[in-house]
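One structure is given below, encoded as structure tokens.
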Amino acid sequence: MATLGDLERSVMDLLWDGAEAQTANDLRDKLAQAHGNDGKELAVTTVLTVLARLEKKQLVTRERDTRPHRYRAVTSREEHTVELMNEAMGNVMDREAVLARFIGGISPVELASLRRILDDGANA
Amino acid sequence: MLTASYLLLGLAIILAWPAPIVLSRAHWTSRSPFTALLLWQAIALAGGLSMIGAFLVWGLSPLGDNLLSALSGFRGILAGEPGAALLTVVHVFALSTALLLGAHLVFTLLLTAYKVTRQRARHRRLLALLSGPSASIPGTVVVEHQAPVAYCLPGFNGSLTVLSRGLLDSLDEEGLRGVVAHERAHLDQRHDLLVLAFESWNQALPWLPTSRLARLAVQELIEMLADDAALEQVSRDDLLRSLVAVSSGMDPSPVGAVEARLGDAVETDRPHGTGARESAAGPGRAAAVPPSQLSSLRLRRLLSPVGELPASGRATVMATAVLLVLVPTLALVAPGLLN
């Protein structure tokens with residue numbers, strides 16, 4: 001079915017949406033439900049591989065006191081999104097070289113002026 | 001030898017102070033951003049070359065009539081041949097300065113490239129989790145967030161254009177087309193390499209007016225080039241509307257703060273102080289700044305179009321850029337080649 005990257009995303013979505021820590025089996029069942037119609041079985045070992053990769057990236061943590069191990073997301077989707085958007089909106093210093101924003105090089109003050117100029121043009 | 005080193009020093013000083021100040025104030029640059037970018041690159045390249053060259057040539061001057069023969073003399077000294085006595089402490093100091101400066105520039109470039117690549121990889125990992133491919137626009141991913149943002153993330157293993165759900169919701173088809181064309185131009189024309197070079201130039205020599213002004217100018221010029229690419233597909237109005245749409249989500253501070261700052265800007269920009277009175281009278285509707293008073297050349301040329309620089313003007317700028325690079329190069333190697 002999907003690539004490992006897509007699976008990582010789906011697994012993270014499940015962990016973020018689920019209230020509690022989940023086992024690989026739980027996740028496999030939910031993934032199979034979501035992609036149920038393409039007829040291919042998703043092996044638990046594949047899910048475990050994906051979880052190991054996510055653990056290595058420090059996105060997922062494992063509860064070792066139960067068997068089978070239960071997994072949960074380290075940080076919430078919201079926190080990740082805030083981080084992403086802060087970088088995307090240039091709120092982090094010195095990011096000009098990292099990504100090119102559509103409003104690059106224009107200050108907020110000037111964008112406010114632009115809004116007025118266009119508003120006045122539309123009203124006139 | 002000495003004459004060449006003084007020539008190089010003079011050139012280095014001109015390129016470090018007056019030249020970038022004059023160029024950063026010039027307005028013709030918005031009529032030909034491409035040649036202006038060439039000129040900035042020539043200033044940086046020739047500036048670095050003549051700075052290092054001046055120290056190198058002066059330091060080696062006792063060893064030969066020209067750089068090439070002096071360099072072979074220096075190799076001889078390193079190999080243990082006599083002649084080291086010709087170099088005084090000051091000469092050795094000049095040579096070390098040239099060496100350190102060159103190494104510093106190269107090292108800063110590598111370090112900046114490394115940092116930027118790492119930050120991009122990190123951002124890409126975030127995107128991989130939080131964005132999905134756009135259904136309608138190929139090569140574009142969408143982040144589920146209500147703030148309108150658009151940017152591109154360059155990379156050697158595939159570049160990405162990123163749009164937010166908020167942007168898709170606030171723009172019509174034409175507006176989106178302009179934004180995507182703008183970002184694509186950044187990626188296709190490899191503007192990230194230019195930004196990287198000038199970013200590291202600025203990090204290496206932050207106290208030099210040329211590196212700071214050049215970085216700002218280059219950033220604005222690549223935006224103009226991307227705007228021009230977008231204008232081949234959409235109208236000025238569409239592009240301006242897209243800019244406003246994106247800006248509306250940019251400043252999370254309350255509207256009042258923006259109003260106040262705008263009032264300040266109007267006040268300082270206007271000699272007669274009318275702006276201050278107007279904004280005091282109606283804080284909600286301070287007078288719009290006329291396009292000619294915006295300091296962003298990028299916005300100004302979108303609001304009131306300027307014609308392209310005539311071919312003769314562009315040729316002059318390009319010739320200047322070529323000359324700027326040629327002069328220090330020739331001052332360094334020509335005397336040796338002529339002999």
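Ligands are numbered from 1 in the order shown, chains are lettered A, B, ... in the order of the structure tokens, and residues start at 1 in each chain.
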
Compute the set of chain A residues within 9 Å of chain B, using only C-alpha atoms, and express it as an NGL selection string. :A and (5-6 or 8-10 or 12-13 or 77 or 80-81 or 83-85 or 87-90 or 95-118 or 120)

Show which residues sit within 8 Å of Ala73 in chain A, as a list in words. Count only C-alpha atoms, and ignore same-chain residues fewer than 5 positions away.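 Near Ala73 in chain A, the qualifying residues are Met12, Leu15, Trp16, Leu59, Val60 and Thr61 of chain A.
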
Using only C-alpha atoms, can you tell me which of B:Leu225, B:Leu11, B:Leu60, B:Leu171 comes closest to Thr88 in chain B?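 That would be B:Leu60, the residue with the smallest distance to Thr88 in chain B.
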
Run DSSP on the backbone and give me the residues of chain A it puts in helix (DSSP H, G or I), as number ranges by chain. A: 4-17, 24-34, 36-38, 44-56, 77-88, 108-123

Please identify all polymer residues within 8 Å of Thr108 in chain B, counting only C-alpha atoms, omitting same-chain residues fewer than 5 positions from it, and present them as an MDAnalysis selection string. chainID B and resid 200:201 203:204

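The two atoms in question, CA of Val234 in chain B and CA of Ala315 in chain B, are spaced 28.8 Å apart.
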